[in-house]
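Participant: Got a file for you: data21.txt, compact mmCIF, N, CA and C atoms.
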# COMPACT_ATOMS: atom_id res chain seq x y z
N MET A 1 4.31 -3.40 -15.13
CA MET A 1 3.08 -3.24 -15.86
C MET A 1 3.20 -2.02 -16.76
N ARG A 2 2.87 -2.18 -18.01
CA ARG A 2 2.96 -1.06 -18.95
C ARG A 2 1.62 -0.85 -19.63
N LEU A 3 1.32 0.40 -19.84
CA LEU A 3 0.12 0.78 -20.55
C LEU A 3 0.42 0.83 -22.04
N PRO A 4 -0.59 0.90 -22.89
CA PRO A 4 -0.34 1.05 -24.33
C PRO A 4 0.47 2.30 -24.60
N ALA A 5 1.33 2.23 -25.61
CA ALA A 5 2.23 3.34 -25.92
C ALA A 5 1.48 4.61 -26.29
N SER A 6 0.26 4.50 -26.78
CA SER A 6 -0.51 5.68 -27.17
C SER A 6 -0.85 6.56 -25.97
N ARG A 7 -0.90 6.00 -24.79
CA ARG A 7 -1.19 6.79 -23.58
C ARG A 7 -0.02 7.68 -23.20
N TYR A 8 1.18 7.36 -23.69
CA TYR A 8 2.38 8.11 -23.31
C TYR A 8 2.77 9.16 -24.35
N LEU A 9 1.97 9.37 -25.35
CA LEU A 9 2.31 10.36 -26.38
C LEU A 9 2.40 11.75 -25.77
N ARG A 10 3.27 12.57 -26.33
CA ARG A 10 3.50 13.95 -25.93
C ARG A 10 4.10 14.08 -24.53
N HIS A 11 4.79 13.07 -24.08
CA HIS A 11 5.53 13.16 -22.82
C HIS A 11 7.02 13.24 -23.14
N ARG A 12 7.73 14.04 -22.37
CA ARG A 12 9.14 14.27 -22.63
C ARG A 12 10.00 13.06 -22.29
N PHE A 13 9.62 12.32 -21.27
CA PHE A 13 10.43 11.19 -20.81
C PHE A 13 9.95 9.90 -21.46
N PRO A 14 10.86 8.93 -21.57
CA PRO A 14 10.48 7.64 -22.16
C PRO A 14 9.46 6.90 -21.28
N VAL A 15 8.81 5.95 -21.90
CA VAL A 15 7.78 5.16 -21.24
C VAL A 15 8.33 4.44 -20.02
N GLU A 16 9.56 3.94 -20.11
CA GLU A 16 10.16 3.18 -19.01
C GLU A 16 10.31 4.03 -17.75
N ILE A 17 10.72 5.28 -17.92
CA ILE A 17 10.92 6.16 -16.76
C ILE A 17 9.58 6.52 -16.13
N ILE A 18 8.61 6.84 -16.95
CA ILE A 18 7.29 7.20 -16.42
C ILE A 18 6.67 6.02 -15.68
N SER A 19 6.71 4.86 -16.29
CA SER A 19 6.10 3.69 -15.65
C SER A 19 6.85 3.30 -14.38
N HIS A 20 8.17 3.47 -14.36
CA HIS A 20 8.93 3.15 -13.16
C HIS A 20 8.59 4.11 -12.02
N CYS A 21 8.44 5.39 -12.32
CA CYS A 21 8.09 6.37 -11.29
C CYS A 21 6.71 6.08 -10.70
N VAL A 22 5.75 5.80 -11.55
CA VAL A 22 4.40 5.52 -11.07
C VAL A 22 4.38 4.22 -10.29
N TRP A 23 5.13 3.23 -10.76
CA TRP A 23 5.21 1.96 -10.03
C TRP A 23 5.82 2.17 -8.65
N LEU A 24 6.91 2.94 -8.55
CA LEU A 24 7.52 3.21 -7.25
C LEU A 24 6.55 3.88 -6.30
N TYR A 25 5.80 4.85 -6.81
CA TYR A 25 4.88 5.58 -5.95
C TYR A 25 3.79 4.68 -5.39
N PHE A 26 3.20 3.84 -6.22
CA PHE A 26 2.09 3.02 -5.75
C PHE A 26 2.54 1.74 -5.08
N ARG A 27 3.69 1.23 -5.42
CA ARG A 27 4.14 -0.04 -4.82
C ARG A 27 4.74 0.17 -3.44
N PHE A 28 5.53 1.23 -3.25
CA PHE A 28 6.25 1.42 -2.01
C PHE A 28 5.79 2.62 -1.21
N ALA A 29 4.75 3.31 -1.64
CA ALA A 29 4.18 4.46 -0.93
C ALA A 29 5.25 5.51 -0.63
N LEU A 30 6.04 5.84 -1.63
CA LEU A 30 7.06 6.88 -1.49
C LEU A 30 6.44 8.23 -1.81
N SER A 31 7.08 9.29 -1.37
CA SER A 31 6.62 10.62 -1.73
C SER A 31 7.14 10.97 -3.12
N PHE A 32 6.54 12.01 -3.71
CA PHE A 32 6.98 12.44 -5.04
C PHE A 32 8.43 12.91 -4.99
N ARG A 33 8.80 13.58 -3.91
CA ARG A 33 10.17 14.07 -3.78
C ARG A 33 11.17 12.93 -3.58
N ASP A 34 10.74 11.87 -2.89
CA ASP A 34 11.61 10.69 -2.75
C ASP A 34 11.91 10.07 -4.11
N ILE A 35 10.89 9.98 -4.94
CA ILE A 35 11.08 9.41 -6.27
C ILE A 35 11.97 10.31 -7.11
N GLU A 36 11.78 11.63 -6.98
CA GLU A 36 12.64 12.59 -7.68
C GLU A 36 14.10 12.39 -7.29
N GLU A 37 14.37 12.21 -6.00
CA GLU A 37 15.75 12.00 -5.53
C GLU A 37 16.31 10.67 -5.99
N MET A 38 15.47 9.62 -5.98
CA MET A 38 15.95 8.31 -6.42
C MET A 38 16.37 8.33 -7.88
N LEU A 39 15.58 9.01 -8.71
CA LEU A 39 15.94 9.08 -10.12
C LEU A 39 17.10 10.02 -10.35
N ALA A 40 17.25 11.06 -9.52
CA ALA A 40 18.41 11.96 -9.64
C ALA A 40 19.70 11.20 -9.36
N MET A 41 19.66 10.26 -8.42
CA MET A 41 20.83 9.44 -8.12
C MET A 41 21.20 8.54 -9.31
N ARG A 42 20.23 8.26 -10.16
CA ARG A 42 20.48 7.44 -11.35
C ARG A 42 20.75 8.28 -12.58
N GLY A 43 20.80 9.61 -12.40
CA GLY A 43 21.14 10.49 -13.52
C GLY A 43 19.96 11.02 -14.29
N VAL A 44 18.75 10.84 -13.79
CA VAL A 44 17.55 11.34 -14.47
C VAL A 44 17.08 12.58 -13.73
N SER A 45 17.09 13.71 -14.39
CA SER A 45 16.69 14.97 -13.77
C SER A 45 15.24 15.27 -14.14
N LEU A 46 14.38 15.26 -13.13
CA LEU A 46 12.99 15.58 -13.33
C LEU A 46 12.44 16.27 -12.09
N CYS A 47 11.28 16.86 -12.22
CA CYS A 47 10.64 17.59 -11.14
C CYS A 47 9.62 16.68 -10.46
N TYR A 48 9.44 16.85 -9.16
CA TYR A 48 8.47 16.03 -8.45
C TYR A 48 7.05 16.29 -8.95
N GLU A 49 6.82 17.48 -9.52
CA GLU A 49 5.50 17.79 -10.08
C GLU A 49 5.20 16.90 -11.29
N SER A 50 6.24 16.53 -12.03
CA SER A 50 6.04 15.61 -13.15
C SER A 50 5.58 14.25 -12.64
N VAL A 51 6.21 13.80 -11.57
CA VAL A 51 5.82 12.51 -10.98
C VAL A 51 4.38 12.59 -10.49
N ARG A 52 4.01 13.70 -9.88
CA ARG A 52 2.65 13.87 -9.38
C ARG A 52 1.64 13.80 -10.52
N GLU A 53 1.93 14.50 -11.61
CA GLU A 53 1.02 14.49 -12.76
C GLU A 53 0.93 13.11 -13.39
N TRP A 54 2.06 12.39 -13.48
CA TRP A 54 2.02 11.03 -14.02
C TRP A 54 1.18 10.12 -13.13
N CYS A 55 1.32 10.28 -11.83
CA CYS A 55 0.55 9.43 -10.92
C CYS A 55 -0.94 9.73 -11.02
N LEU A 56 -1.29 10.99 -11.24
CA LEU A 56 -2.70 11.32 -11.43
C LEU A 56 -3.24 10.76 -12.74
N LYS A 57 -2.42 10.81 -13.78
CA LYS A 57 -2.87 10.37 -15.09
C LYS A 57 -2.89 8.85 -15.24
N PHE A 58 -1.81 8.19 -14.80
CA PHE A 58 -1.67 6.75 -15.02
C PHE A 58 -1.88 5.93 -13.76
N GLY A 59 -2.05 6.57 -12.63
CA GLY A 59 -2.03 5.88 -11.35
C GLY A 59 -3.11 4.87 -11.14
N GLN A 60 -4.34 5.18 -11.53
CA GLN A 60 -5.44 4.25 -11.25
C GLN A 60 -5.24 2.93 -11.96
N THR A 61 -4.72 2.96 -13.17
CA THR A 61 -4.46 1.72 -13.90
C THR A 61 -3.39 0.88 -13.20
N TYR A 62 -2.33 1.54 -12.71
CA TYR A 62 -1.27 0.82 -11.99
C TYR A 62 -1.78 0.28 -10.67
N ALA A 63 -2.55 1.09 -9.95
CA ALA A 63 -3.07 0.65 -8.66
C ALA A 63 -3.99 -0.55 -8.82
N ASN A 64 -4.81 -0.54 -9.84
CA ASN A 64 -5.69 -1.69 -10.09
C ASN A 64 -4.88 -2.94 -10.40
N GLY A 65 -3.83 -2.78 -11.19
CA GLY A 65 -2.99 -3.93 -11.51
C GLY A 65 -2.28 -4.49 -10.30
N LEU A 66 -1.78 -3.63 -9.44
CA LEU A 66 -1.11 -4.10 -8.22
C LEU A 66 -2.11 -4.75 -7.27
N ARG A 67 -3.30 -4.23 -7.19
CA ARG A 67 -4.32 -4.77 -6.29
C ARG A 67 -4.71 -6.17 -6.72
N HIS A 68 -4.78 -6.41 -8.04
CA HIS A 68 -5.17 -7.73 -8.52
C HIS A 68 -4.06 -8.76 -8.32
N ARG A 69 -2.82 -8.30 -8.22
CA ARG A 69 -1.70 -9.23 -8.01
C ARG A 69 -1.51 -9.61 -6.55
N CYS A 70 -2.08 -8.85 -5.64
CA CYS A 70 -1.93 -9.14 -4.22
C CYS A 70 -2.66 -10.43 -3.88
N PRO A 71 -2.09 -11.22 -2.98
CA PRO A 71 -2.80 -12.44 -2.60
C PRO A 71 -4.09 -12.10 -1.88
N GLN A 72 -5.14 -12.80 -2.22
CA GLN A 72 -6.44 -12.57 -1.61
C GLN A 72 -6.54 -13.37 -0.31
N HIS A 73 -7.18 -12.77 0.67
CA HIS A 73 -7.40 -13.46 1.93
C HIS A 73 -8.55 -14.45 1.77
N GLY A 74 -8.53 -15.46 2.62
CA GLY A 74 -9.59 -16.45 2.57
C GLY A 74 -10.93 -15.86 2.95
N ASP A 75 -11.99 -16.55 2.58
CA ASP A 75 -13.31 -16.04 2.87
C ASP A 75 -13.79 -16.41 4.27
N ARG A 76 -13.06 -17.24 4.97
CA ARG A 76 -13.40 -17.58 6.35
C ARG A 76 -12.30 -17.09 7.27
N TRP A 77 -12.69 -16.53 8.38
CA TRP A 77 -11.72 -16.06 9.35
C TRP A 77 -12.31 -16.19 10.75
N HIS A 78 -11.44 -16.19 11.74
CA HIS A 78 -11.91 -16.24 13.12
C HIS A 78 -11.11 -15.26 13.96
N LEU A 79 -11.61 -15.02 15.16
CA LEU A 79 -11.04 -14.04 16.06
C LEU A 79 -10.43 -14.75 17.25
N ASP A 80 -9.14 -14.49 17.51
CA ASP A 80 -8.45 -15.04 18.67
C ASP A 80 -8.39 -13.98 19.76
N GLU A 81 -8.53 -14.43 21.00
CA GLU A 81 -8.37 -13.52 22.14
C GLU A 81 -7.30 -14.11 23.05
N VAL A 82 -6.30 -13.29 23.36
CA VAL A 82 -5.19 -13.73 24.20
C VAL A 82 -5.01 -12.71 25.31
N PHE A 83 -4.76 -13.19 26.53
CA PHE A 83 -4.49 -12.31 27.66
C PHE A 83 -2.98 -12.18 27.81
N ILE A 84 -2.49 -10.95 27.84
CA ILE A 84 -1.06 -10.71 27.98
C ILE A 84 -0.83 -9.67 29.06
N LYS A 85 0.36 -9.70 29.66
CA LYS A 85 0.73 -8.69 30.65
C LYS A 85 1.80 -7.79 30.06
N ILE A 86 1.53 -6.48 30.14
CA ILE A 86 2.48 -5.48 29.70
C ILE A 86 2.75 -4.58 30.88
N ASN A 87 3.99 -4.55 31.34
CA ASN A 87 4.38 -3.79 32.54
C ASN A 87 3.51 -4.15 33.74
N GLY A 88 3.19 -5.41 33.87
CA GLY A 88 2.42 -5.88 35.01
C GLY A 88 0.92 -5.68 34.91
N GLN A 89 0.44 -5.06 33.85
CA GLN A 89 -0.99 -4.84 33.68
C GLN A 89 -1.54 -5.81 32.65
N LEU A 90 -2.75 -6.30 32.90
CA LEU A 90 -3.41 -7.24 32.01
C LEU A 90 -3.97 -6.49 30.79
N HIS A 91 -3.65 -6.99 29.59
CA HIS A 91 -4.16 -6.44 28.34
C HIS A 91 -4.77 -7.59 27.53
N TYR A 92 -5.57 -7.21 26.58
CA TYR A 92 -6.25 -8.18 25.72
C TYR A 92 -5.74 -8.00 24.29
N LEU A 93 -5.27 -9.09 23.73
CA LEU A 93 -4.75 -9.10 22.37
C LEU A 93 -5.77 -9.82 21.50
N TRP A 94 -6.29 -9.12 20.52
CA TRP A 94 -7.26 -9.68 19.58
C TRP A 94 -6.58 -9.83 18.23
N ARG A 95 -6.74 -11.01 17.61
CA ARG A 95 -6.18 -11.25 16.29
C ARG A 95 -7.27 -11.80 15.38
N ALA A 96 -7.36 -11.25 14.18
CA ALA A 96 -8.23 -11.81 13.15
C ALA A 96 -7.35 -12.66 12.25
N VAL A 97 -7.68 -13.95 12.13
CA VAL A 97 -6.87 -14.90 11.37
C VAL A 97 -7.76 -15.54 10.32
N ASP A 98 -7.27 -15.62 9.07
CA ASP A 98 -8.09 -16.23 8.02
C ASP A 98 -7.88 -17.74 8.00
N GLN A 99 -8.53 -18.40 7.07
CA GLN A 99 -8.53 -19.87 7.02
C GLN A 99 -7.16 -20.46 6.73
N ASP A 100 -6.24 -19.66 6.17
CA ASP A 100 -4.90 -20.15 5.87
C ASP A 100 -3.91 -19.85 6.98
N GLY A 101 -4.37 -19.20 8.05
CA GLY A 101 -3.49 -18.87 9.16
C GLY A 101 -2.80 -17.53 9.03
N ASP A 102 -3.16 -16.76 8.01
CA ASP A 102 -2.57 -15.43 7.84
C ASP A 102 -3.27 -14.45 8.77
N VAL A 103 -2.48 -13.63 9.48
CA VAL A 103 -3.04 -12.65 10.40
C VAL A 103 -3.54 -11.46 9.59
N LEU A 104 -4.82 -11.15 9.73
CA LEU A 104 -5.43 -10.03 9.01
C LEU A 104 -5.27 -8.72 9.76
N ASP A 105 -5.45 -8.75 11.08
CA ASP A 105 -5.34 -7.54 11.88
C ASP A 105 -5.09 -7.92 13.33
N ILE A 106 -4.48 -6.98 14.08
CA ILE A 106 -4.18 -7.18 15.49
C ILE A 106 -4.63 -5.95 16.24
N LEU A 107 -5.20 -6.15 17.42
CA LEU A 107 -5.64 -5.05 18.26
C LEU A 107 -5.30 -5.39 19.71
N VAL A 108 -4.66 -4.46 20.42
CA VAL A 108 -4.36 -4.62 21.84
C VAL A 108 -5.17 -3.59 22.60
N GLN A 109 -5.93 -4.07 23.62
CA GLN A 109 -6.76 -3.18 24.44
C GLN A 109 -6.44 -3.41 25.91
N SER A 110 -6.56 -2.32 26.67
CA SER A 110 -6.36 -2.47 28.12
C SER A 110 -7.64 -2.92 28.81
N ARG A 111 -8.80 -2.68 28.17
CA ARG A 111 -10.08 -3.12 28.72
C ARG A 111 -10.73 -4.11 27.78
N ARG A 112 -11.48 -5.02 28.35
CA ARG A 112 -12.18 -5.99 27.53
C ARG A 112 -13.58 -5.45 27.26
N ASP A 113 -13.81 -5.06 26.02
CA ASP A 113 -15.11 -4.52 25.63
C ASP A 113 -15.97 -5.63 25.06
N GLY A 114 -17.27 -5.40 25.04
CA GLY A 114 -18.17 -6.36 24.45
C GLY A 114 -18.09 -6.37 22.93
N ILE A 115 -17.72 -5.22 22.37
CA ILE A 115 -17.63 -5.10 20.92
C ILE A 115 -16.18 -4.85 20.56
N VAL A 116 -15.65 -5.67 19.70
CA VAL A 116 -14.28 -5.51 19.23
C VAL A 116 -14.35 -4.99 17.81
N ARG A 117 -13.69 -3.87 17.55
CA ARG A 117 -13.68 -3.29 16.21
C ARG A 117 -12.30 -3.49 15.61
N LEU A 118 -12.26 -4.26 14.56
CA LEU A 118 -11.00 -4.47 13.84
C LEU A 118 -11.10 -3.76 12.52
N ILE A 119 -10.06 -3.07 12.15
CA ILE A 119 -10.01 -2.36 10.88
C ILE A 119 -9.52 -3.33 9.82
N MET A 120 -10.33 -3.55 8.84
CA MET A 120 -9.95 -4.47 7.76
C MET A 120 -9.99 -3.79 6.45
Reformat the file's structure so that it appears as structure tokens.

Facilitator:
Amino acid sequence: MRLPASRYLRHRFPVEIISHCVWLYFRFALSFRDIEEMLAMRGVSLCYESVREWCLKFGQTYANGLRHRCPQHGDRWHLDEVFIKINGQLHYLWRAVDQDGDVLDILVQSRRDGIVRLIM
């Protein structure tokens, strides 16, 4: 994903390097220093502070683009409850599954509570 070239004016590095750094940060959740090292291995010498500033400036646009490309979960889902034994003790496995069979979240509890809280 690339932004209009006018947004990249007055930057020392080419548009391709800036967009690749921001894409790496938001797509793979790497640290700024990891991105600095990855580009150093490719012969590009830059400071992790540059990556941080680029992510602050261009990041929201990239994050929105990546979010829209992610597959959306179905609007219907159900909760499965399974009894499992771990080291001889009974545990409860809760799974939230959408209409397509994709697992949304999993929770393992040692006690069966009346209220199950799944982080979605």

Participant: Between atom C of Ile84 in chain A and CA of Val97 in chain A, what is the distance, to one decimal in Å?

Facilitator: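 Separation of atom C of Ile84 in chain A and CA of Val97 in chain A: 19.4 Å.
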
Participant: List the neighbours of Arg95 in chain A out to 7 Å using only C-alpha atoms; skip same-chain residues closer than 3 positions along the sequence, and give me the result as JSON, numbers by chain.

Facilitator: {"A": [79, 80, 81, 103, 105, 106, 107]}

Participant: So, with only C-alpha atoms as the atoms that count, which of A:Asp102, A:Glu49, A:Asp75, A:Glu36 lies closest to Ile17 in chain A?

Facilitator: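 For Ile17 in chain A, the nearest of the candidates is A:Glu36.
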
Participant: Pick the closest to Val108 in chain A from A:Arg42, A:His91, A:Lys85, A:His78: which is it, counting only C-alpha atoms?

Facilitator: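 Looking at the shortest contact to Val108 in chain A, the residue is A:His91.
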
Participant: Extract, using all atoms listed in the file, all DNA, RNA and protein residues at most 8 Å from Ser110 in chain A, discarding same-chain residues fewer than 5 positions from it, and format them as a PyMOL selection string.

Facilitator: chain A and resi 89-93

Participant: Between CA of Val82 in chain A and atom C of Leu104 in chain A, what is the distance, to one decimal in Å?

Facilitator: 15.3 Å

Participant: If you run DSSP over the backbone, which residues in range 30-61 of chain A end up alpha helix (DSSP H)? Put them as a ChimeraX atom specification.

Facilitator: /A:32-41,48-61

Participant: I'd like to know which of A:Val15, A:Leu56, A:Val51, A:Ala63 is closest to Phe32 in chain A, using all atoms listed in the file.

Facilitator: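 Going through A:Val15, A:Leu56, A:Val51, A:Ala63 one by one, the smallest distance to Phe32 in chain A is for A:Val51.
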
Participant: Select, counting all atoms listed in the file, all protein, DNA and RNA residues no farther than 8 Å from (10.5, 14.1, -17.4) in file coordinates, and express the selection as an MDAnalysis selection string.

Facilitator: chainID A and resid 11:14 17:18 44:47 50:51

Participant: Quick one: of A:Met41, A:Trp77, A:Tyr62, A:Tyr48, who's nearest to His20 in chain A, counting only C-alpha atoms?

Facilitator: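 Closest candidate: A:Tyr62.
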
Participant: What is the distance, in Å and to one decimal place, between atom N of Glu37 in chain A and CA of Lys57 in chain A?

Facilitator: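 Here the two named atoms are 19.6 Å from each other.
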
Participant: Measuring between all atoms listed in the file, which one of A:Glu53, A:Gly59, A:Met38, A:Asp100 shows the shortest distance to Arg76 in chain A?

Facilitator: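 Of A:Glu53, A:Gly59, A:Met38, A:Asp100, the one nearest Arg76 in chain A is A:Asp100, counting all atoms listed in the file.
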
Participant: Nearest to Arg52 in chain A: which of A:Asp98, A:Cys21, A:Arg27, A:Gln109 is it, counting only C-alpha atoms?

Facilitator: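 Going through A:Asp98, A:Cys21, A:Arg27, A:Gln109 one by one, the smallest distance to Arg52 in chain A is for A:Cys21.
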